[in-house]
>>> print(open('input-v2.txt').read())   # compact mmCIF, C-alpha atoms
# COMPACT_ATOMS: atom_id res chain seq x y z
CA MET A 7 109.58 180.09 94.69
CA LYS A 8 106.01 179.11 95.50
CA ILE A 9 105.65 177.57 92.05
CA LYS A 10 108.80 175.48 92.53
CA LEU A 11 107.61 174.33 95.94
CA SER A 12 104.22 173.35 94.55
CA ILE A 13 105.82 171.38 91.73
CA SER A 14 108.10 169.61 94.22
CA LYS A 15 105.13 168.67 96.36
CA LEU A 16 103.28 167.44 93.28
CA PHE A 17 106.17 165.18 92.32
CA VAL A 18 106.30 163.76 95.84
CA LEU A 19 102.57 163.08 95.82
CA VAL A 20 102.66 161.47 92.38
CA ALA A 21 105.64 159.32 93.34
CA ALA A 22 103.93 158.21 96.53
CA ALA A 23 100.73 157.40 94.71
CA PHE A 24 102.63 155.48 92.04
CA ALA A 25 104.60 153.53 94.64
CA SER A 26 101.47 152.56 96.54
CA GLY A 27 99.85 151.29 93.37
CA VAL A 28 102.80 149.33 92.06
CA HIS A 29 102.42 145.57 92.22
CA ALA A 30 105.64 143.65 91.70
CA ASP A 31 105.31 140.17 90.24
CA ILE A 32 105.86 137.19 92.50
CA ASN A 33 108.42 134.90 90.90
CA VAL A 34 108.11 131.22 91.80
CA GLY A 35 110.97 128.99 90.74
CA VAL A 36 110.24 125.31 90.16
CA THR A 37 112.75 122.52 89.56
CA LEU A 38 111.32 119.04 89.06
CA SER A 39 112.14 115.70 87.48
CA ALA A 40 110.12 115.67 84.25
CA THR A 41 112.64 113.29 82.67
CA GLY A 42 114.94 110.57 84.00
CA PRO A 43 114.10 107.74 86.44
CA ALA A 44 111.74 109.93 88.49
CA ALA A 45 109.78 111.20 85.47
CA SER A 46 106.59 109.39 86.47
CA LEU A 47 106.60 111.58 89.59
CA GLY A 48 107.79 114.80 88.02
CA ILE A 49 105.45 114.88 85.02
CA PRO A 50 102.25 115.17 87.09
CA GLU A 51 103.99 117.86 89.16
CA LYS A 52 104.80 119.78 85.98
CA ASN A 53 101.23 119.33 84.71
CA THR A 54 99.94 120.66 88.03
CA VAL A 55 102.02 123.85 87.81
CA ALA A 56 99.93 124.74 84.75
CA LEU A 57 96.84 124.70 86.99
CA LEU A 58 98.21 126.98 89.69
CA PRO A 59 96.78 130.50 90.21
CA ALA A 60 98.02 133.29 87.95
CA THR A 61 97.56 135.83 90.74
CA ILE A 62 97.83 135.68 94.52
CA ALA A 63 96.51 138.51 96.69
CA GLY A 64 96.29 140.75 93.61
CA GLN A 65 99.89 140.11 92.58
CA LYS A 66 100.77 138.48 89.27
CA VAL A 67 102.63 135.18 89.71
CA ASN A 68 105.29 133.98 87.27
CA TYR A 69 106.19 130.29 87.41
CA ILE A 70 109.66 129.55 86.06
CA VAL A 71 109.89 125.78 85.56
CA PHE A 72 113.12 123.82 84.98
CA ASP A 73 113.60 120.09 84.45
CA ASP A 74 116.41 118.62 86.55
CA ALA A 75 116.20 115.25 84.75
CA SER A 76 116.21 113.38 88.11
CA ASP A 77 119.83 114.49 88.55
CA THR A 78 121.10 116.00 91.79
CA THR A 79 123.77 118.20 90.19
CA THR A 80 121.25 119.62 87.72
CA ALA A 81 118.77 120.33 90.52
CA VAL A 82 121.42 122.39 92.31
CA LYS A 83 122.33 124.25 89.09
CA ASN A 84 118.66 124.98 88.44
CA THR A 85 118.23 126.32 91.96
CA ARG A 86 121.23 128.61 91.64
CA LYS A 87 119.99 129.92 88.30
CA LEU A 88 116.46 130.51 89.59
CA ILE A 89 117.79 132.55 92.50
CA ALA A 90 120.65 134.42 90.78
CA GLU A 91 119.15 135.07 87.35
CA ASN A 92 115.39 134.79 87.74
CA LYS A 93 115.33 136.46 91.15
CA VAL A 94 112.68 134.09 92.48
CA ASP A 95 110.93 134.72 95.79
CA VAL A 96 110.47 131.03 96.56
CA VAL A 97 111.67 127.71 95.15
CA ILE A 98 109.35 124.69 94.79
CA GLY A 99 111.12 121.38 94.31
CA SER A 100 112.54 119.02 93.72
CA THR A 101 110.76 115.76 92.99
CA THR A 102 113.19 113.39 94.70
CA SER A 103 114.75 113.37 98.15
CA PRO A 104 118.42 113.37 96.98
CA ASN A 105 117.76 116.40 94.77
CA SER A 106 115.86 118.27 97.47
CA LEU A 107 118.52 117.60 100.09
CA ALA A 108 121.21 118.90 97.75
CA MET A 109 119.28 122.13 97.18
CA ILE A 110 119.12 123.08 100.87
CA ASP A 111 122.56 124.73 101.02
CA VAL A 112 121.73 126.92 98.02
CA VAL A 113 118.41 128.28 99.28
CA ALA A 114 119.73 128.76 102.81
CA GLU A 115 122.71 130.76 101.58
CA ALA A 116 120.39 132.97 99.50
CA GLU A 117 117.81 133.17 102.31
CA THR A 118 115.07 132.11 99.92
CA PRO A 119 112.25 129.87 101.15
CA MET A 120 111.92 126.43 99.57
CA ILE A 121 108.97 124.04 99.50
CA ALA A 122 110.14 120.51 98.68
CA MET A 123 107.93 117.95 96.95
CA ALA A 124 110.01 115.01 98.21
CA ALA A 125 109.30 112.79 101.19
CA SER A 126 112.46 112.27 103.25
CA SER A 127 112.13 113.66 106.75
CA ARG A 128 115.80 114.67 106.51
CA ILE A 129 114.74 117.55 104.27
CA ILE A 130 113.30 119.35 107.29
CA GLU A 131 114.82 117.45 110.23
CA PRO A 132 116.66 118.08 112.41
CA MET A 133 115.77 121.76 112.37
CA ASP A 134 118.83 123.98 112.00
CA GLY A 135 119.91 127.25 110.44
CA LYS A 136 119.71 125.87 106.90
CA ARG A 137 116.43 123.99 107.26
CA HIS A 138 115.00 127.16 108.77
CA TRP A 139 114.31 128.11 105.13
CA VAL A 140 112.93 124.75 103.99
CA PHE A 141 109.40 123.31 104.06
CA LYS A 142 107.80 120.32 102.36
CA THR A 143 104.41 118.94 101.35
CA PRO A 144 104.78 115.11 101.24
CA GLN A 145 104.17 113.05 104.36
CA ASN A 146 107.24 112.07 106.38
CA ASP A 147 108.64 108.55 106.05
CA ALA A 148 107.94 107.90 109.73
CA GLN A 149 104.22 108.61 109.36
CA MET A 150 103.92 106.20 106.46
CA ALA A 151 106.20 103.57 108.01
CA THR A 152 104.01 103.53 111.11
CA ALA A 153 100.97 102.79 108.96
CA ILE A 154 102.77 99.88 107.26
CA VAL A 155 103.98 98.36 110.53
CA GLN A 156 100.49 98.61 112.01
CA HIS A 157 99.09 96.79 108.97
CA MET A 158 101.81 94.13 109.34
CA THR A 159 101.02 93.49 112.99
CA ASP A 160 97.30 93.36 112.22
CA ASN A 161 98.02 90.68 109.60
CA ASN A 162 100.35 88.55 111.74
CA VAL A 163 103.56 89.42 109.88
CA LYS A 164 106.48 88.26 112.03
CA THR A 165 109.41 88.56 109.61
CA VAL A 166 110.07 91.06 106.85
CA ALA A 167 112.71 91.83 104.23
CA TYR A 168 113.60 95.27 102.93
CA ILE A 169 114.69 96.15 99.38
CA GLY A 170 115.25 99.89 98.94
CA PHE A 171 116.87 102.51 96.75
CA ALA A 172 120.58 103.03 97.33
CA ASP A 173 120.05 106.74 97.97
CA ALA A 174 118.56 109.13 100.53
CA TYR A 175 115.01 107.91 99.89
CA GLY A 176 115.85 104.26 100.44
CA GLU A 177 118.05 105.01 103.42
CA GLY A 178 115.46 107.28 105.00
CA TRP A 179 112.83 104.59 104.71
CA TRP A 180 115.18 101.96 106.14
CA ASN A 181 115.99 104.13 109.14
CA GLU A 182 112.36 104.84 109.98
CA PHE A 183 110.90 101.44 109.14
CA SER A 184 113.57 99.37 110.89
CA LYS A 185 113.21 101.44 114.06
CA ILE A 186 109.42 101.07 114.18
CA ALA A 187 109.46 97.39 113.17
CA GLU A 188 111.94 96.58 115.92
CA ALA A 189 109.74 98.34 118.47
CA ARG A 190 106.79 96.25 117.33
CA LYS A 191 108.78 92.98 117.51
CA ILE A 192 108.86 92.36 113.75
CA GLN A 193 112.15 90.70 112.74
CA ILE A 194 113.93 92.10 109.68
CA VAL A 195 115.65 89.17 107.96
CA ALA A 196 117.16 90.94 104.92
CA ASN A 197 118.25 94.45 103.91
CA GLU A 198 119.05 94.95 100.21
CA ARG A 199 119.64 97.99 97.97
CA PHE A 200 119.31 98.83 94.27
CA ASN A 201 119.77 101.91 92.07
CA ARG A 202 116.95 103.76 90.35
CA ALA A 203 118.45 103.08 86.92
CA ASP A 204 119.16 99.36 87.48
CA THR A 205 117.73 96.87 85.01
CA SER A 206 118.16 93.78 87.19
CA VAL A 207 117.85 93.02 90.91
CA THR A 208 118.19 89.24 90.66
CA GLY A 209 120.90 88.98 93.32
CA GLN A 210 118.97 91.06 95.84
CA VAL A 211 115.74 89.15 95.22
CA LEU A 212 117.40 85.72 95.54
CA LYS A 213 118.88 86.73 98.91
CA THR A 214 115.49 88.06 99.99
CA ILE A 215 113.61 84.90 99.08
CA ALA A 216 116.25 82.74 100.75
CA ALA A 217 115.52 84.58 104.02
CA LYS A 218 111.87 83.37 103.80
CA PRO A 219 110.19 86.57 105.03
CA ASP A 220 106.44 86.77 105.68
CA ALA A 221 106.46 90.12 103.86
CA VAL A 222 108.72 92.34 101.77
CA LEU A 223 108.82 96.14 101.87
CA ILE A 224 110.15 97.83 98.74
CA GLY A 225 111.56 101.26 99.58
CA GLY A 226 111.40 102.80 96.14
CA ALA A 227 109.52 105.45 94.19
CA GLY A 228 108.00 105.76 90.73
CA THR A 229 108.30 103.12 88.04
CA PRO A 230 111.78 101.88 89.15
CA ALA A 231 110.10 100.46 92.27
CA ALA A 232 108.28 97.95 90.04
CA LEU A 233 111.52 96.12 89.20
CA PRO A 234 112.04 94.23 92.48
CA GLN A 235 108.33 93.48 92.75
CA LYS A 236 108.18 91.91 89.28
CA SER A 237 111.35 89.97 90.03
CA LEU A 238 109.91 88.67 93.31
CA LYS A 239 106.81 87.45 91.50
CA GLU A 240 108.86 85.86 88.72
CA ARG A 241 110.83 83.93 91.36
CA GLY A 242 107.61 82.67 92.94
CA TYR A 243 107.46 84.74 96.11
CA LYS A 244 104.05 84.24 97.77
CA GLY A 245 104.24 86.55 100.80
CA ILE A 246 102.74 90.01 101.26
CA ILE A 247 104.43 92.83 99.37
CA TYR A 248 104.37 96.42 100.59
CA GLN A 249 105.39 99.53 98.67
CA THR A 250 105.85 103.10 99.92
CA HIS A 251 103.80 106.16 99.01
CA GLY A 252 106.46 106.83 96.37
CA VAL A 253 104.64 104.59 93.86
CA ALA A 254 101.18 106.15 94.05
CA ASN A 255 100.58 106.93 90.39
CA ALA A 256 99.11 105.33 87.28
CA ASP A 257 102.51 104.83 85.61
CA PHE A 258 103.58 102.48 88.39
CA LEU A 259 100.38 100.44 87.92
CA ARG A 260 101.01 100.31 84.18
CA VAL A 261 104.63 99.16 84.46
CA CYS A 262 104.05 96.71 87.30
CA GLY A 263 100.84 95.29 85.81
CA LYS A 264 99.47 92.04 87.24
CA ASP A 265 102.55 91.59 89.42
CA CYS A 266 101.32 94.37 91.69
CA GLU A 267 97.95 92.81 92.41
CA GLY A 268 97.35 92.60 96.15
CA THR A 269 100.13 95.05 97.08
CA PHE A 270 99.61 97.28 100.12
CA LEU A 271 100.93 100.81 100.56
CA PRO A 272 100.31 103.94 102.61
CA ALA A 273 99.27 106.98 100.60
CA GLY A 274 97.96 110.48 100.87
CA PRO A 275 94.13 110.56 100.95
CA VAL A 276 94.04 112.32 97.58
CA LEU A 277 94.86 108.98 95.90
CA VAL A 278 91.44 107.59 96.87
CA ALA A 279 89.60 110.87 97.34
CA ALA A 280 86.28 109.63 95.96
CA GLN A 281 86.35 106.61 98.30
CA LEU A 282 86.82 108.68 101.45
CA PRO A 283 83.81 108.99 103.75
CA ASP A 284 82.06 112.35 103.61
CA SER A 285 83.09 112.88 107.22
CA ASN A 286 86.78 112.97 106.24
CA PRO A 287 87.88 116.64 106.49
CA ILE A 288 90.27 116.28 103.55
CA LYS A 289 87.82 114.80 101.04
CA LYS A 290 86.54 118.10 99.64
CA ALA A 291 90.01 119.60 99.16
CA ALA A 292 91.35 116.38 97.65
CA LEU A 293 88.47 116.09 95.20
CA GLU A 294 88.97 119.72 94.14
CA TYR A 295 92.46 118.85 92.96
CA VAL A 296 91.48 115.55 91.32
CA VAL A 297 88.62 117.16 89.37
CA LYS A 298 90.79 120.02 88.08
CA TYR A 299 93.74 117.81 87.17
CA GLU A 300 91.65 115.22 85.36
CA ALA A 301 89.68 117.90 83.51
CA ALA A 302 92.99 119.06 82.03
CA ASN A 303 94.79 115.73 81.63
CA GLY A 304 92.17 112.98 81.36
CA LYS A 305 90.21 110.71 83.64
CA GLY A 306 92.27 108.59 86.01
CA THR A 307 95.45 110.64 85.55
CA ALA A 308 95.57 112.36 88.96
CA SER A 309 98.29 111.19 91.33
CA THR A 310 99.60 112.00 94.76
CA PHE A 311 102.72 113.59 93.25
CA GLY A 312 100.95 116.33 91.34
CA ALA A 313 99.02 117.01 94.53
CA HIS A 314 102.30 117.79 96.30
CA ALA A 315 102.78 120.70 93.87
CA TRP A 316 99.13 121.70 94.36
CA ASP A 317 99.59 121.78 98.12
CA ALA A 318 102.75 123.88 97.76
CA SER A 319 100.61 126.44 95.97
CA LYS A 320 97.98 126.25 98.71
CA LEU A 321 100.70 127.13 101.21
CA LEU A 322 101.76 130.12 99.13
CA VAL A 323 98.21 131.39 98.65
CA ASN A 324 97.81 131.26 102.42
CA ALA A 325 101.17 132.88 103.23
CA VAL A 326 101.58 135.61 100.60
CA PRO A 327 98.99 138.09 102.01
CA ALA A 328 100.85 138.19 105.34
CA ALA A 329 104.22 138.50 103.61
CA LEU A 330 103.03 141.45 101.50
CA LYS A 331 102.49 143.45 104.68
CA LYS A 332 106.23 143.26 105.37
CA GLY A 333 107.75 143.74 101.94
CA GLN A 334 107.36 143.74 98.17
CA PRO A 335 108.13 140.69 95.97
CA GLY A 336 111.70 140.67 94.80
CA THR A 337 113.09 141.94 98.10
CA PRO A 338 114.84 140.20 100.99
CA GLU A 339 112.13 141.54 103.29
CA PHE A 340 109.43 139.75 101.30
CA ARG A 341 111.33 136.47 101.20
CA LYS A 342 111.91 136.53 104.95
CA ALA A 343 108.27 137.46 105.61
CA LEU A 344 107.14 134.68 103.29
CA ARG A 345 109.27 132.19 105.21
CA ASP A 346 107.81 133.41 108.48
CA ALA A 347 104.26 133.18 107.13
CA LEU A 348 104.81 129.63 105.90
CA GLU A 349 106.06 128.63 109.33
CA ASN A 350 102.93 130.12 110.89
CA THR A 351 100.53 128.12 108.71
CA ARG A 352 97.65 126.88 110.85
CA ASN A 353 94.66 124.64 110.08
CA LEU A 354 95.13 124.81 106.30
CA THR A 355 93.30 121.92 104.66
CA ALA A 356 94.90 120.78 101.38
CA ALA A 357 94.76 117.74 99.11
CA HIS A 358 97.06 115.62 101.30
CA GLY A 359 96.15 116.73 104.80
CA VAL A 360 95.82 119.60 107.24
CA PHE A 361 98.92 121.78 107.65
CA ASN A 362 99.80 122.99 111.15
CA MET A 363 103.40 124.15 111.01
CA SER A 364 105.69 125.45 113.74
CA PRO A 365 109.33 126.53 114.14
CA GLN A 366 110.23 122.86 114.76
CA ASP A 367 107.87 121.26 112.23
CA HIS A 368 107.99 122.48 108.63
CA LEU A 369 105.44 119.92 107.43
CA GLY A 370 102.79 119.95 110.12
CA PHE A 371 100.75 116.89 109.10
CA ASP A 372 99.02 114.54 111.52
CA GLN A 373 97.57 111.06 110.94
CA ARG A 374 94.76 112.51 108.78
CA SER A 375 97.35 112.80 106.01
CA ARG A 376 97.60 109.06 105.38
CA VAL A 377 95.46 106.07 104.48
CA MET A 378 96.27 102.45 103.67
CA VAL A 379 95.58 101.39 100.10
CA LYS A 380 95.49 98.03 98.31
CA ILE A 381 96.10 97.50 94.60
CA GLU A 382 93.09 95.54 93.42
CA GLY A 383 91.98 94.96 89.84
CA GLY A 384 94.64 97.37 88.63
CA ASN A 385 93.22 100.18 90.75
CA TRP A 386 93.70 101.77 94.16
CA LYS A 387 91.29 100.59 96.84
CA LEU A 388 90.95 102.24 100.24
CA VAL A 389 91.61 99.78 103.09
CA GLN A 390 88.94 100.46 105.69
>>> encode(input="input-v2.txt", output="C-alpha cells")
Amino acid sequence: MKIKLSISKLFVLVAAAFASGVHADINVGVTLSATGPAASLGIPEKNTVALLPATIAGQKVNYIVFDDASDTTTAVKNTRKLIAENKVDVVIGSTTSPNSLAMIDVVAEAETPMIAMAASSRIIEPMDGKRHWVFKTPQNDAQMATAIVQHMTDNNVKTVAYIGFADAYGEGWWNEFSKIAEARKIQIVANERFNRADTSVTGQVLKTIAAKPDAVLIGGAGTPAALPQKSLKERGYKGIIYQTHGVANADFLRVCGKDCEGTFLPAGPVLVAAQLPDSNPIKKAALEYVVKYEAANGKGTASTFGAHAWDASKLLVNAVPAALKKGQPGTPEFRKALRDALENTRNLTAAHGVFNMSPQDHLGFDQRSRVMVKIEGGNWKLVQ
C-alpha cells in the first residue's frame, strides 16, 4: 500500500514538473497582399516577417504566412483557415483596408486578437464588441489628413480636388480630409474615384483639371496611385499634388518616375529615419528596422509598409510576457490575455511612433508618428 502511494505521488510530481516546463509554441497567423494590386505594399511586409523574432519570452514562435492576393474574399478565407486549422493565437493582417475590415467579423467571432497593417480608422473605430479584438499599426487617416491640410494652408492652397480609390481606403480618406479641409476653409471643387486595377483615369482627370484646383490630393495606395498622377502631368496640370502615406515605398517612385517630382505626402518617420534629428524619440527605433531590412534585402529597399509588420511584432514582444501569466499559447485564456495586454500597451517606441493604447484607442499614436515628406530627385526628403 505504501509502495502504491509512493508511486502515485511520484507520478503526480513528475506530471507537475513536466507541465511547468512545457512551453507551447505561439502561432502567429499572417495574411498579406504579396500579389495583386497591393503587392508593392505586401511584399515588404512579407519580407519583414522573415526578420521577426523566432522566440518571445522563451516561447518558440511559428509564423504561418498566407497571400490573399489583394482580394477581400481570400483574406477572409485565409483568416478562417489560420484560426480553424492552424490554431493561431493572433492574426496579423491584412495589407489593405478593405481586406482588414472584412476580417473583423471572423476574428471577433473566434475571440482571437488581430493586428491590422492597414490604415483606415474604421478598422478600430468606433469601438464596439467586434473591434474589441482588433488593433492596428498604421497611422489613422485623420492624423495624416491633418498634416496635409496644414501644409496646404501654409502654402496658400484655397481650392483642392480629390481623386481616390473607390473602396474603403479612398472613402476613409475622403471622409477625414473633406471634414478637416472644410474646417480650415479650403474649398473642395472635385471628388472623383477610380479602382485599384484601372488602366485609365482620363475622365476623372479631365473633370479635375476643368475645376482648376490649386492642388490635388490622390487618395490611393501603392503603385496604382501613380496612375492619376501621371495622367494629371500628361494633361499639363501645374498645381501642387499630394499623395497619402499609402504610396511610401520605392515601387511607387519607380512606377511614377519623373511625374512624381515635387509631390508632398505625410508619412511615418521611418521613411526618412536617417534625416530625423537626433532629438526625435523615434529615430533610433526606426533606424533599427531600416538597417535590418536593408541588410537582408538591399540598400534603399526599406519602406513604411514593412515597418507596419515590424511594429506589430514589437507589440507582441511587449504583450506576450503578460499574457503568459494568464494562460498557455493555444488556449482561449492566452488569446484573451494577449488582447488585454495589447490594449494596455504604454510608452512603446517602435519604427512608426510611440504606442499608448487604451480601451477606446487601439492604435495609440500621437503627432510624433507623422512627418511631411517631399519627393525630390527621385527620393524622399523630410520637410522641416
>>> closest_atom_pairs(input="input-v2.txt", of="segment 278-376 of chain A", to="segment 138-154 of chain A", cutoff="6 Å", atoms="only C-alpha atoms", output="Markdown table")
| residue | atom | partner | partner_atom | distance |
| --- | --- | --- | --- | --- |
| A:His314 | CA | A:Thr143 | CA | 5.6 |
| A:His368 | CA | A:Phe141 | CA | 4.9 |
| A:Leu369 | CA | A:Lys142 | CA | 5.6 |
>>> closest_residue(input="input-v2.txt", among="A:Ile110, A:Leu330, A:Ile130, A:Ala356", to="Ala30 of chain A", atoms="only C-alpha atoms")
A:Leu330
>>> atom_distance(input="input-v2.txt", atom1="atom CA of Gly263 of chain A", atom2="atom CA of Asn385 of chain A")
10.3 Å
>>> atom_distance(input="input-v2.txt", atom1="atom CA of Ala357 of chain A", atom2="atom CA of Glu117 of chain A")
27.9 Å
>>> atom_distance(input="input-v2.txt", atom1="atom CA of Thr41 of chain A", atom2="atom CA of Ala231 of chain A")
16.2 Å
>>> residues_around(input="input-v2.txt", residues="Glu300 of chain A", least_positions_apart="2", cutoff="12 Å", atoms="all atoms listed in the file", output="count of residues only")
20
>>> residues_around(input="input-v2.txt", residues="segment 343-347 of chain A", least_positions_apart="5", cutoff="6 Å", atoms="all atoms listed in the file", output="list in words")
Pro119, Ala325 and Ala329 of chain A
>>> decode(input="input-v2.txt", residues="segment 308-319 of chain A", atoms="N, CA and C atoms", output="mmCIF file, in the first residue's frame")
data_model
loop_
_atom_site.group_PDB
_atom_site.id
_atom_site.type_symbol
_atom_site.label_atom_id
_atom_site.label_comp_id
_atom_site.auth_asym_id
_atom_site.auth_seq_id
_atom_site.Cartn_x
_atom_site.Cartn_y
_atom_site.Cartn_z
ATOM 1 N N ALA A 308 13.943 49.565 -47.822
ATOM 2 C CA ALA A 308 13.032 49.679 -46.676
ATOM 3 C C ALA A 308 11.871 50.609 -47.014
ATOM 4 N N SER A 309 10.696 50.279 -46.488
ATOM 5 C CA SER A 309 9.511 51.104 -46.725
ATOM 6 C C SER A 309 8.700 51.195 -45.446
ATOM 7 N N THR A 310 7.742 52.086 -45.454
ATOM 8 C CA THR A 310 6.875 52.214 -44.287
ATOM 9 C C THR A 310 6.004 50.971 -44.102
ATOM 10 N N PHE A 311 5.702 50.253 -45.174
ATOM 11 C CA PHE A 311 4.769 49.137 -45.094
ATOM 12 C C PHE A 311 5.372 47.947 -44.363
ATOM 13 N N GLY A 312 6.611 47.614 -44.686
ATOM 14 C CA GLY A 312 7.279 46.560 -43.935
ATOM 15 C C GLY A 312 7.374 46.913 -42.464
ATOM 16 N N ALA A 313 7.546 48.208 -42.191
ATOM 17 C CA ALA A 313 7.653 48.655 -40.802
ATOM 18 C C ALA A 313 6.352 48.468 -40.039
ATOM 19 N N HIS A 314 5.214 48.419 -40.737
ATOM 20 C CA HIS A 314 3.953 48.129 -40.050
ATOM 21 C C HIS A 314 3.959 46.699 -39.499
ATOM 22 N N ALA A 315 4.535 45.764 -40.257
ATOM 23 C CA ALA A 315 4.658 44.385 -39.768
ATOM 24 C C ALA A 315 5.669 44.321 -38.620
ATOM 25 N N TRP A 316 6.738 45.074 -38.735
ATOM 26 C CA TRP A 316 7.766 45.139 -37.689
ATOM 27 C C TRP A 316 7.160 45.647 -36.379
ATOM 28 N N ASP A 317 6.349 46.680 -36.483
ATOM 29 C CA ASP A 317 5.725 47.254 -35.294
ATOM 30 C C ASP A 317 4.699 46.313 -34.685
ATOM 31 N N ALA A 318 4.032 45.516 -35.524
ATOM 32 C CA ALA A 318 3.103 44.511 -34.992
ATOM 33 C C ALA A 318 3.859 43.520 -34.116
ATOM 34 N N SER A 319 5.051 43.151 -34.564
ATOM 35 C CA SER A 319 5.885 42.244 -33.769
ATOM 36 C C SER A 319 6.335 42.908 -32.473
#
